[in-house]
$ cat coords_17.pdb   # PDB, C-alpha atoms
ATOM      1  CA  MET A   1      79.709 285.028 -23.648
ATOM      2  CA  LYS A   2      80.009 286.651 -27.097
ATOM      3  CA  LYS A   3      76.291 286.163 -27.698
ATOM      4  CA  ARG A   4      75.466 288.134 -24.537
ATOM      5  CA  ILE A   5      77.748 291.014 -25.562
ATOM      6  CA  VAL A   6      76.152 291.124 -29.001
ATOM      7  CA  GLN A   7      72.681 291.179 -27.396
ATOM      8  CA  GLU A   8      73.686 294.046 -25.084
ATOM      9  CA  ILE A   9      75.091 296.042 -28.007
ATOM     10  CA  CYS A  10      71.910 295.467 -30.018
ATOM     11  CA  LEU A  11      69.796 296.548 -27.059
ATOM     12  CA  CYS A  12      71.832 299.729 -26.632
ATOM     13  CA  LEU A  13      71.529 300.525 -30.352
ATOM     14  CA  MET A  14      67.765 299.972 -30.297
ATOM     15  CA  LEU A  15      67.355 302.226 -27.251
ATOM     16  CA  ALA A  16      69.445 304.927 -28.917
ATOM     17  CA  ALA A  17      67.346 304.641 -32.094
ATOM     18  CA  PHE A  18      64.067 304.929 -30.176
ATOM     19  CA  ASN A  19      65.389 307.930 -28.292
ATOM     20  CA  SER A  20      66.392 309.691 -31.503
ATOM     21  CA  ILE A  21      63.006 308.938 -33.110
ATOM     22  CA  ASP A  22      61.229 310.658 -30.212
ATOM     23  CA  THR A  23      63.549 313.642 -30.513
ATOM     24  CA  PHE A  24      62.959 314.076 -34.253
ATOM     25  CA  ALA A  25      59.200 313.538 -33.896
ATOM     26  CA  ALA A  26      58.990 316.309 -31.299
ATOM     27  CA  ASP A  27      60.729 318.739 -33.674
ATOM     28  CA  SER A  28      58.472 317.952 -36.638
ATOM     29  CA  LYS A  29      55.082 318.383 -34.944
ATOM     30  CA  PRO A  30      52.979 321.166 -36.426
ATOM     31  CA  THR A  31      52.117 324.105 -34.237
ATOM     32  CA  ASP A  32      48.751 324.131 -32.487
ATOM     33  CA  CYS A  33      47.843 327.617 -33.627
ATOM     34  CA  TRP A  34      46.716 329.115 -36.916
ATOM     35  CA  ILE A  35      45.953 332.558 -38.267
ATOM     36  CA  ARG A  36      42.806 333.315 -40.241
ATOM     37  CA  THR A  37      43.686 335.579 -43.163
ATOM     38  CA  VAL A  38      40.317 335.896 -44.935
ATOM     39  CA  ASP A  39      36.829 336.893 -43.865
ATOM     40  CA  LEU A  40      34.523 333.888 -43.479
ATOM     41  CA  GLY A  41      31.393 335.852 -44.331
ATOM     42  CA  THR A  42      28.174 336.074 -42.359
ATOM     43  CA  LYS A  43      27.478 333.551 -39.660
ATOM     44  CA  PRO A  44      24.351 331.388 -40.170
ATOM     45  CA  LYS A  45      21.425 332.282 -37.899
ATOM     46  CA  HIS A  46      20.842 329.676 -35.205
ATOM     47  CA  ILE A  47      17.118 328.848 -35.243
ATOM     48  CA  THR A  48      16.808 325.376 -33.727
ATOM     49  CA  ASN A  49      18.972 322.680 -32.128
ATOM     50  CA  ALA A  50      17.174 319.980 -34.109
ATOM     51  CA  PHE A  51      19.244 320.654 -37.234
ATOM     52  CA  PRO A  52      22.949 321.351 -37.768
ATOM     53  CA  LEU A  53      24.006 324.988 -37.893
ATOM     54  CA  SER A  54      25.031 324.616 -41.534
ATOM     55  CA  ASP A  55      21.464 323.578 -42.530
ATOM     56  CA  GLN A  56      19.022 325.266 -40.142
ATOM     57  CA  SER A  57      16.140 325.333 -42.646
ATOM     58  CA  ASN A  58      16.635 321.644 -43.536
TER      59      ASN A  58
END

$ encode --input "coords_17.pdb" --output "structure tokens"
Amino acid sequence: MKKRIVQEICLCLMLAAFNSIDTFAADSKPTDCWIRTVDLGTKPKHITNAFPLSDQSN
């Protein structure tokens, strides 16, 4: 009988711990947006799809 009570208490504590982990993880997620603060310069000219945009002349 005591073993069953101890198991139920452990189960309740584990469920409470998992619930609190989810709560803290949701608060610590970074935002999905960002703000560009500098100019990135001129955009490369797209010549062909055969090469990546960063190296069009290859």

$ closest_residue --input "coords_17.pdb" --among "A:Ala16, A:Ile9, A:Ser57, A:Lys3" --to "Lys45 of chain A" --atoms "only C-alpha atoms"
A:Ser57

$ residues_around --input "coords_17.pdb" --residues "Ile47 of chain A" --least-positions-apart "6" --cutoff "12 Å" --atoms "only C-alpha atoms" --output "PyMOL selection string"
chain A and resi 53-58

$ atom_distance --input "coords_17.pdb" --atom1 "atom CA of Cys33 of chain A" --atom2 "atom CA of Phe18 of chain A"
28.1 Å

$ atom_distance --input "coords_17.pdb" --atom1 "atom CA of Asp39 of chain A" --atom2 "atom CA of Pro52 of chain A"
21.7 Å

$ atom_distance --input "coords_17.pdb" --atom1 "atom CA of Arg4 of chain A" --atom2 "atom CA of Ala17 of chain A"
19.9 Å

$ decode --input "coords_17.pdb" --residues "chain A" --atoms "C-alpha atoms" --output "short mmCIF file (atom, residue, chain, number, x, y, z; two decimals), in the first residue's frame"
data_model
loop_
_atom_site.label_atom_id
_atom_site.label_comp_id
_atom_site.auth_asym_id
_atom_site.auth_seq_id
_atom_site.Cartn_x
_atom_site.Cartn_y
_atom_site.Cartn_z
CA MET A 1 0.00 0.00 0.00
CA LYS A 2 2.80 2.45 0.90
CA LYS A 3 4.63 1.60 -2.31
CA ARG A 4 1.59 2.59 -4.38
CA ILE A 5 1.26 5.93 -2.57
CA VAL A 6 4.94 6.65 -3.13
CA GLN A 7 4.55 5.81 -6.84
CA GLU A 8 1.54 8.14 -7.15
CA ILE A 9 3.42 10.97 -5.44
CA CYS A 10 6.41 10.46 -7.74
CA LEU A 11 4.14 10.46 -10.77
CA CYS A 12 2.48 13.70 -9.66
CA LEU A 13 5.88 15.33 -9.07
CA MET A 14 7.14 14.25 -12.50
CA LEU A 15 4.01 15.60 -14.21
CA ALA A 16 4.37 18.90 -12.36
CA ALA A 17 8.05 19.11 -13.37
CA PHE A 18 7.26 18.44 -17.04
CA ASN A 19 4.52 21.05 -16.96
CA SER A 20 6.84 23.67 -15.50
CA ILE A 21 9.56 22.86 -18.07
CA ASP A 22 7.11 23.54 -20.90
CA THR A 23 6.08 26.80 -19.28
CA PHE A 24 9.65 28.06 -18.88
CA ALA A 25 10.62 26.92 -22.39
CA ALA A 26 7.75 28.90 -23.89
CA ASP A 27 8.94 32.07 -22.12
CA SER A 28 12.56 31.72 -23.24
CA LYS A 29 11.99 31.23 -26.98
CA PRO A 30 13.50 33.96 -29.12
CA THR A 31 11.19 36.11 -31.16
CA ASP A 32 10.63 35.23 -34.81
CA CYS A 33 11.32 38.72 -36.08
CA TRP A 34 14.44 40.80 -36.53
CA ILE A 35 15.28 44.33 -37.60
CA ARG A 36 17.98 45.09 -40.16
CA THR A 37 19.98 48.10 -39.00
CA VAL A 38 22.64 48.36 -41.73
CA ASP A 39 22.57 48.55 -45.50
CA LEU A 40 23.52 45.25 -47.14
CA GLY A 41 24.94 46.89 -50.25
CA THR A 42 24.09 46.16 -53.86
CA LYS A 43 22.29 42.98 -54.73
CA PRO A 44 24.17 40.58 -57.06
CA LYS A 45 22.83 40.46 -60.62
CA HIS A 46 21.01 37.21 -61.37
CA ILE A 47 22.40 35.90 -64.67
CA THR A 48 21.75 32.15 -64.65
CA ASN A 49 20.09 29.48 -62.50
CA ALA A 50 23.02 27.12 -63.06
CA PHE A 51 25.13 28.84 -60.39
CA PRO A 52 24.31 30.17 -56.92
CA LEU A 53 23.39 33.83 -56.66
CA SER A 54 26.51 34.52 -54.61
CA ASP A 55 28.78 33.26 -57.45
CA GLN A 56 27.02 33.94 -60.76
CA SER A 57 30.25 34.21 -62.78
CA ASN A 58 31.62 30.96 -61.29
#
